[in-house]
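Asker: Contents of data-v5.cif (mmCIF, C-alpha atoms):
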```cif
data_model
loop_
_atom_site.label_atom_id
_atom_site.label_comp_id
_atom_site.auth_asym_id
_atom_site.auth_seq_id
_atom_site.Cartn_x
_atom_site.Cartn_y
_atom_site.Cartn_z
CA MET M 686 18.89 -11.81 -3.63
CA PRO M 687 20.60 -9.46 -1.14
CA SER M 688 18.60 -8.43 1.93
CA ASP M 689 17.59 -4.80 2.51
CA ARG M 690 20.32 -4.62 5.14
CA ASP M 691 22.96 -5.82 2.68
CA VAL M 692 21.81 -3.38 -0.02
CA PHE M 693 21.91 -0.39 2.32
CA ASP M 694 25.19 -1.53 3.86
CA GLU M 695 26.78 -1.59 0.42
CA ALA M 696 25.19 1.73 -0.56
CA ALA M 697 26.20 3.54 2.64
CA ALA M 698 29.14 5.49 1.18
CA ASP M 699 26.93 6.99 -1.57
CA TYR M 700 23.64 7.21 0.35
CA ASP M 701 22.48 10.85 0.41
CA GLN M 702 25.97 11.93 -0.65
CA LEU M 703 25.49 12.61 -4.39
CA GLY M 704 24.39 16.23 -4.25
CA VAL M 705 20.67 15.53 -4.74
CA GLU M 706 18.09 17.30 -2.59
CA PHE M 707 15.99 14.41 -1.37
CA PHE M 708 16.55 12.73 2.01
CA THR M 709 18.14 15.78 3.65
CA PRO M 710 15.20 18.22 3.27
CA MET M 711 12.74 15.43 4.06
CA GLY M 712 14.67 14.58 7.21
CA ALA M 713 14.90 18.19 8.32
CA ALA M 714 11.14 18.58 7.86
CA LEU M 715 10.46 15.46 9.92
CA ALA M 716 12.74 16.62 12.74
CA ALA M 717 10.92 19.97 12.77
CA ALA M 718 7.51 18.26 12.77
CA ALA M 719 8.57 16.17 15.78
CA GLY M 720 8.75 19.32 17.93
CA ILE M 721 12.02 18.34 19.60
CA THR M 722 13.08 20.68 22.40
CA ARG M 723 16.28 21.24 24.38
CA GLY M 724 17.11 18.33 26.64
CA ASP M 725 14.88 15.79 24.88
CA ARG M 726 15.84 12.14 24.66
CA VAL M 727 15.38 11.18 21.02
CA LEU M 728 15.54 7.83 19.21
CA ASP M 729 15.98 8.04 15.44
CA VAL M 730 15.06 4.66 13.99
CA GLY M 731 16.71 3.69 10.69
CA CYS M 732 19.00 6.70 10.88
CA GLY M 733 20.89 6.09 7.62
CA ARG M 734 23.41 8.87 7.03
CA GLY M 735 21.68 11.22 9.48
CA ALA M 736 19.05 13.14 7.50
CA VAL M 737 16.84 13.23 10.62
CA LEU M 738 19.52 12.54 13.21
CA PHE M 739 21.54 15.72 12.74
CA PRO M 740 18.68 18.24 12.80
CA ALA M 741 17.27 16.31 15.77
CA ALA M 742 20.62 16.67 17.56
CA GLU M 743 20.66 20.41 16.88
CA ALA M 744 17.14 20.76 18.29
CA ALA M 745 17.88 18.66 21.40
CA GLY M 746 21.12 20.51 22.10
CA GLU M 747 24.04 19.34 24.22
CA SER M 748 21.71 18.78 27.17
CA GLY M 749 19.72 16.26 25.14
CA ARG M 750 20.50 12.72 24.05
CA VAL M 751 19.97 11.55 20.48
CA THR M 752 20.41 7.89 19.63
CA GLY M 753 20.38 6.68 16.05
CA ILE M 754 20.00 3.02 15.13
CA ASP M 755 20.37 1.30 11.78
CA ARG M 756 20.68 -2.33 10.70
CA ALA M 757 23.46 -1.58 8.20
CA PRO M 758 26.86 -1.56 9.96
CA ALA M 759 28.44 0.65 7.28
CA MET M 760 25.71 3.27 7.76
CA VAL M 761 26.36 3.20 11.51
CA SER M 762 30.12 3.49 11.08
CA LEU M 763 29.99 6.42 8.65
CA THR M 764 27.27 8.33 10.51
CA SER M 765 28.95 7.75 13.86
CA ALA M 766 32.19 9.20 12.49
CA GLU M 767 30.33 12.23 11.14
CA ALA M 768 28.67 12.76 14.52
CA ALA M 769 31.89 12.40 16.52
CA HIS M 770 31.91 16.11 17.38
CA LEU M 771 28.42 15.94 18.91
CA PRO M 772 28.60 14.69 22.51
CA GLN M 773 24.83 14.20 22.70
CA VAL M 774 24.73 11.73 19.78
CA GLN M 775 25.37 8.00 19.66
CA VAL M 776 24.81 5.76 16.63
CA LEU M 777 24.32 2.02 17.09
CA VAL M 778 23.52 -1.07 15.08
CA GLY M 779 19.92 -1.88 15.96
CA ASP M 780 16.69 -3.45 14.73
CA ALA M 781 14.03 -0.93 13.73
CA GLN M 782 11.32 -3.59 14.04
CA ALA M 783 11.90 -3.98 17.78
CA PRO M 784 14.53 -1.57 19.17
CA ASP M 785 16.28 -3.00 22.22
CA PHE M 786 15.86 -0.28 24.86
CA PRO M 787 14.04 -0.15 28.21
CA GLY M 788 10.47 1.06 28.23
CA GLU M 789 9.79 4.81 28.47
CA SER M 790 13.39 5.64 27.50
CA PHE M 791 12.59 8.44 25.05
CA ASP M 792 10.67 11.69 24.77
CA VAL M 793 10.60 11.55 20.94
CA ILE M 794 10.96 8.76 18.39
CA THR M 795 11.53 9.59 14.73
CA ALA M 796 11.54 7.26 11.72
CA GLY M 797 12.26 8.79 8.33
CA LEU M 798 11.01 6.83 5.30
CA LEU M 799 11.53 3.56 7.13
CA LEU M 800 8.38 1.83 8.33
CA PHE M 801 7.30 0.48 4.93
CA PHE M 802 10.54 -1.57 4.77
CA LEU M 803 9.71 -3.46 7.98
CA PRO M 804 8.13 -6.92 8.01
CA ASP M 805 5.40 -5.78 10.44
CA PRO M 806 4.98 -1.97 10.59
CA GLY M 807 2.01 -2.21 12.93
CA ALA M 808 3.99 -4.21 15.48
CA ALA M 809 6.82 -1.68 15.20
CA LEU M 810 4.41 1.12 16.08
CA HIS M 811 3.36 -0.80 19.21
CA ALA M 812 7.04 -1.24 20.13
CA TYR M 813 7.72 2.47 19.69
CA ARG M 814 4.79 3.41 21.93
CA LYS M 815 6.27 1.33 24.75
CA LEU M 816 9.64 3.05 24.35
CA LEU M 817 8.12 6.53 24.70
CA ARG M 818 7.43 8.20 28.02
CA PRO M 819 3.75 9.02 28.65
CA GLY M 820 2.96 12.05 26.51
CA GLY M 821 5.96 11.39 24.26
CA THR M 822 5.93 12.02 20.51
CA LEU M 823 6.21 9.69 17.54
CA ALA M 824 7.03 11.35 14.23
CA PHE M 825 7.58 9.36 11.04
CA SER M 826 7.39 9.86 7.30
CA ALA M 827 6.18 7.80 4.37
CA PHE M 828 5.87 8.36 0.65
CA ALA M 829 2.60 9.82 -0.58
CA GLN M 830 3.18 10.32 -4.31
CA PHE M 831 6.07 9.85 -6.71
CA ASP M 832 6.55 11.98 -9.78
CA PRO M 833 5.06 10.08 -12.78
CA ARG M 834 8.43 10.53 -14.50
CA HIS M 835 10.09 8.64 -11.66
CA ARG M 836 7.83 5.63 -12.15
CA ALA M 837 8.36 5.68 -15.91
CA ALA M 838 12.13 5.90 -15.43
CA MET M 839 12.18 3.00 -12.95
CA GLN M 840 10.13 0.90 -15.34
CA ALA M 841 12.67 1.67 -18.06
CA VAL M 842 15.53 0.56 -15.80
CA ALA M 843 13.66 -2.67 -15.02
CA ARG M 844 13.15 -3.40 -18.73
CA HIS M 845 16.90 -3.25 -19.32
CA ALA M 846 17.83 -5.25 -16.20
CA VAL M 847 18.45 -8.98 -16.18
CA ASP M 848 16.00 -10.71 -13.84
CA PRO M 849 15.02 -7.46 -12.08
CA PRO M 850 14.00 -7.73 -8.44
CA PRO M 851 10.25 -7.43 -7.83
CA GLU M 852 8.76 -4.08 -6.86
CA MET M 853 8.28 -3.71 -3.13
CA ALA M 854 4.64 -4.17 -2.17
CA LEU M 855 3.40 -1.52 0.26
CA ALA M 856 1.39 -2.60 3.29
CA GLU M 857 -2.21 -1.37 3.23
CA MET M 858 -1.59 1.17 5.99
CA PHE M 859 0.58 3.27 3.63
CA LYS M 860 -1.98 3.51 0.82
CA ASP M 861 -3.59 6.75 2.05
CA ALA M 862 -3.68 9.18 4.97
CA GLY M 863 -6.84 7.69 6.44
CA ARG M 864 -5.37 4.23 6.74
CA LEU M 865 -2.19 5.68 8.24
CA ARG M 866 -4.20 7.47 10.92
CA ALA M 867 -6.11 4.26 11.67
CA ALA M 868 -2.93 2.18 12.01
CA VAL M 869 -1.34 4.74 14.34
CA GLY M 870 -4.50 4.83 16.45
CA GLU M 871 -4.64 1.04 16.63
CA ALA M 872 -1.10 1.09 18.03
CA GLY M 873 -2.36 3.18 20.96
CA PHE M 874 -1.36 6.70 19.91
CA LEU M 875 -3.53 9.80 20.17
CA GLY M 876 -3.75 13.14 18.35
CA THR M 877 -2.47 11.90 15.02
CA SER M 878 -1.80 14.58 12.43
CA VAL M 879 -0.76 14.03 8.80
CA GLU M 880 0.83 16.74 6.68
CA GLU M 881 2.27 16.58 3.18
CA LEU M 882 5.56 17.94 1.88
CA THR M 883 6.75 18.06 -1.72
CA VAL M 884 10.49 18.05 -2.42
CA ARG M 885 11.96 18.84 -5.84
CA SER M 886 15.13 17.00 -6.80
CA GLU M 887 17.42 18.04 -9.64
CA PHE M 888 20.06 15.94 -11.39
CA ARG M 889 22.95 16.97 -13.62
CA ASP M 890 22.06 14.44 -16.29
CA ARG M 891 20.69 10.91 -16.79
CA GLU M 892 23.93 9.30 -15.54
CA HIS M 893 23.59 11.29 -12.32
CA PHE M 894 19.99 10.08 -11.99
CA LEU M 895 21.07 6.45 -12.40
CA ALA M 896 23.86 6.90 -9.86
CA TRP M 897 21.31 8.33 -7.41
CA VAL M 898 18.90 5.42 -7.95
CA GLY M 899 21.80 3.09 -7.26
CA SER M 900 22.71 4.91 -4.06
CA HIS M 901 19.73 3.65 -2.08
CA ASN M 902 17.17 0.84 -2.40
CA GLY M 903 17.36 0.82 -6.23
CA ARG M 904 20.97 -0.35 -6.06
CA GLU M 905 20.24 -3.98 -6.89
CA LEU M 906 18.03 -3.02 -9.85
CA VAL M 907 20.70 -0.76 -11.39
CA ARG M 908 23.36 -3.39 -10.79
CA ARG M 909 21.39 -5.84 -12.91
CA VAL M 910 21.60 -3.66 -16.02
CA PRO M 911 24.45 -5.15 -18.14
CA ALA M 912 27.07 -2.75 -19.42
CA GLU M 913 26.09 -3.48 -23.01
CA ARG M 914 22.50 -2.33 -22.32
CA ARG M 915 23.37 0.88 -20.49
CA GLY M 916 23.51 3.01 -23.65
CA ASP M 917 20.03 1.86 -24.70
CA LEU M 918 18.74 2.53 -21.19
CA LEU M 919 20.13 6.07 -21.21
CA ALA M 920 18.50 6.65 -24.60
CA GLU M 921 15.14 5.44 -23.26
CA LEU M 922 15.48 7.61 -20.16
CA ALA M 923 15.80 10.60 -22.47
CA THR M 924 12.21 9.95 -23.56
CA VAL M 925 10.76 9.96 -20.02
CA LEU M 926 12.94 12.41 -18.09
CA SER M 927 13.47 16.11 -18.65
CA GLU M 928 16.97 17.36 -19.49
CA PRO M 929 18.41 17.95 -17.00
CA PRO M 930 16.21 15.53 -15.02
CA GLU M 931 13.99 16.92 -12.28
CA LEU M 932 11.52 15.09 -10.07
CA ALA M 933 8.92 16.11 -7.49
CA THR M 934 8.25 13.71 -4.60
CA THR M 935 5.50 14.12 -2.00
CA ILE M 936 5.81 12.55 1.43
CA ARG M 937 3.54 12.41 4.47
CA LEU M 938 4.73 13.61 7.87
CA ILE M 939 2.86 11.80 10.64
CA ASN M 940 2.89 13.03 14.23
CA ALA M 941 1.20 11.34 17.20
CA HIS M 942 1.55 11.03 20.98
CA ARG M 943 1.56 8.31 23.58
CA PRO M 944 -1.28 8.94 26.02
CA GLY M 945 -0.08 10.77 29.13
#
```
Could you render the structure from this file as structure tokens?

Answerer:
Amino acid sequence: MPSDRDVFDEAAADYDQLGVEFFTPMGAALAAAAGITRGDRVLDVGCGRGAVLFPAAEAAGESGRVTGIDRAPAMVSLTSAEAAHLPQVQVLVGDAQAPDFPGESFDVITAGLLLFFLPDPGAALHAYRKLLRPGGTLAFSAFAQFDPRHRAAMQAVARHAVDPPPEMALAEMFKDAGRLRAAVGEAGFLGTSVEELTVRSEFRDREHFLAWVGSHNGRELVRRVPAERRGDLLAELATVLSEPPELATTIRLINAHRPG
């Protein structure tokens, strides 16, 4: 089975590029929640196609420095090209679990919808604290609630797939806001706040929805639906999705600080 890096590397050209309001508004909200100011040194971990990176760069301005890292080389290549006109931005291949930078290198670290993919999210939080200057800010996001229609649709896709990959199991710290606060505190951060944001996503039709699912971490699942089953899948999706499809997704925005 392909690794997460391979899936996102292959999906890079389509990732957040299909005209669906999802990662972009979530990323903008996270950048705003981070409180980035002119001249800040920012690390955006798991930068993808720049949903957090670009609003962070605007907030930091030309006097700032915004570094994005991602494990998928294609993501890095495409996002770096898109950021070529921004002198304060660099995009590098890097490991979100343990970013390779000197201690106290950053004023702000952001991580948009990333931590739950990592093998040890708690250890990553400890690593991020060391990379922040005293008093620096960590801001990250995580899913809080999917639209019930989304879950029903994904179950339908899995029923029509051949040997579907298993659902990703979330670490306990992501199960509710209280456990998130506790995990952030255990990593040595103070002043943790958790806010919720709901984003509504609209799709032209069921084919557009399937293309969107296949543009991020659902790519392998969609790929495993044989061509001869696709018509039956689309018919089943008509029973669980509105026409045109629309979904509401709630995320949590977490903000905390390294002790000064």

Asker: Within 12 Å of Ala896 in chain M, counting all atoms listed in the file, which residues show up once you throw out same-chain ones fewer than 6 positions away? Write them as a PyMOL selection string, please.

Answerer: chain M and resi 696+699-705+888-890+902-908+919

Asker: Using the file's own x, y and z axes, what box holds all listed atoms of range 753-760 of chain M with 5 Å on each side, keeping edges along x, y and z, and what are its centre and edge lengths in Å to one decimal, as lines of an AutoDock Vina configuration file?

Answerer:
```
center_x = 24.2
center_y = 2.2
center_z = 11.7
size_x = 18.4
size_y = 19.0
size_z = 18.8
```

Asker: Please write as a PyMOL selection string the full residue list that the PyMOL selection byres ((chain M and resi 754-758) around 8) yields on this file.

Answerer: chain M and resi 690-691+693-694+728-733+752-753+759-762+776-781

Asker: Around the point (18.5, 16.6, -15.9) (coordinates from the file), which residues reach within 8 Å if we count all atoms listed in the file? Answer as a PyMOL selection string.

Answerer: chain M and resi 887-891+894+926-931

Asker: Decode the PyMOL selection byres ((chain M and resi 817-827) around 7) for the given file into explicit residues and return them as a short mmCIF file (atom, residue, chain, number, x, y, z; two decimals) with C-alpha atoms, in the coordinates of the input.

Answerer:
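Just written: expr25.cif:
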```cif
data_model
loop_
_atom_site.label_atom_id
_atom_site.label_comp_id
_atom_site.auth_asym_id
_atom_site.auth_seq_id
_atom_site.Cartn_x
_atom_site.Cartn_y
_atom_site.Cartn_z
CA LEU M 715 10.46 15.46 9.92
CA ALA M 719 8.57 16.17 15.78
CA GLY M 788 10.47 1.06 28.23
CA GLU M 789 9.79 4.81 28.47
CA SER M 790 13.39 5.64 27.50
CA PHE M 791 12.59 8.44 25.05
CA ASP M 792 10.67 11.69 24.77
CA VAL M 793 10.60 11.55 20.94
CA ILE M 794 10.96 8.76 18.39
CA THR M 795 11.53 9.59 14.73
CA ALA M 796 11.54 7.26 11.72
CA GLY M 797 12.26 8.79 8.33
CA LEU M 798 11.01 6.83 5.30
CA TYR M 813 7.72 2.47 19.69
CA ARG M 814 4.79 3.41 21.93
CA LYS M 815 6.27 1.33 24.75
CA LEU M 816 9.64 3.05 24.35
CA PHE M 828 5.87 8.36 0.65
CA ALA M 829 2.60 9.82 -0.58
CA ILE M 936 5.81 12.55 1.43
CA ARG M 937 3.54 12.41 4.47
CA LEU M 938 4.73 13.61 7.87
CA ILE M 939 2.86 11.80 10.64
CA ASN M 940 2.89 13.03 14.23
CA ALA M 941 1.20 11.34 17.20
CA HIS M 942 1.55 11.03 20.98
CA ARG M 943 1.56 8.31 23.58
CA PRO M 944 -1.28 8.94 26.02
CA GLY M 945 -0.08 10.77 29.13
#
```

Asker: As a check of understanding, name the residues that the PyMOL selection byres ((chain M and resi 852) around 10) selects in the supplied structure, as a PyMOL selection string.

Answerer: chain M and resi 839-840+843+849-851+853-855+903+906

Asker: So which residues touch Pro772 in chain M within 12 Å, counting all atoms listed in the file, skipping near sequence neighbours fewer than 6 positions away, as a list in words?

Answerer: Ala742, Glu743, Ala745, Gly746, Glu747, Ser748, Gly749, Arg750, Val751, Thr752, Ser765 and Ala766 of chain M

Asker: If you measure from CA of Glu881 in chain M to CA of Glu857 in chain M, what distance in Å do you get, rounded to one decimal?

Answerer: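 It comes out at 18.5 Å.
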
Asker: What's the separation between CA of Arg885 in chain M and CA of Ala714 in chain M, in Å to one decimal place?

Answerer: 13.7 Å

Asker: Can you work out which one of M:Val910, M:Ala697, M:Ala744, M:Ala718 has the shortest atom-to-atom distance to Val842 in chain M, counting only C-alpha atoms?

Answerer: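 Looking at the shortest contact to Val842 in chain M, the residue is M:Val910.
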
Asker: Would you mind reading off the distance between CA of Gly807 in chain M and CA of Ala713 in chain M, one decimal, in Å?

Answerer: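 Taking CA of Gly807 in chain M and CA of Ala713 in chain M, their separation equals 24.6 Å.
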
Asker: At a cut-off of 10 Å, using only C-alpha atoms, what residues contact Gly863 in chain M? Leave out same-chain residues fewer than 5 positions from it and give the result as a list in words.

Answerer: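 Selected residues are Met858, Ala868 and Val879 of chain M.
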
Asker: Residues at most 7 Å from Ala716 in chain M, counting all atoms listed in the file, excluding those fewer than 4 positions away in the same chain, as an MDAnalysis selection string?

Answerer: chainID M and resid 712 737 740:741

Asker: Would you please work out which residue, of M:Phe786, M:Arg909, M:Arg864, M:Met711, is nearest to Leu882 in chain M when using all atoms listed in the file?

Answerer: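 Using all atoms listed in the file, the shortest distance to Leu882 in chain M belongs to M:Met711.
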
Asker: In the coordinates of the file, take the point (3.0, 0.6, 18.0) and a cut-off of 8 Å; then, counting only C-alpha atoms, name each qualifying protein, DNA or RNA residue as a VMD selection string.

Answerer: chain M and resid 807 to 815 869 871 to 874
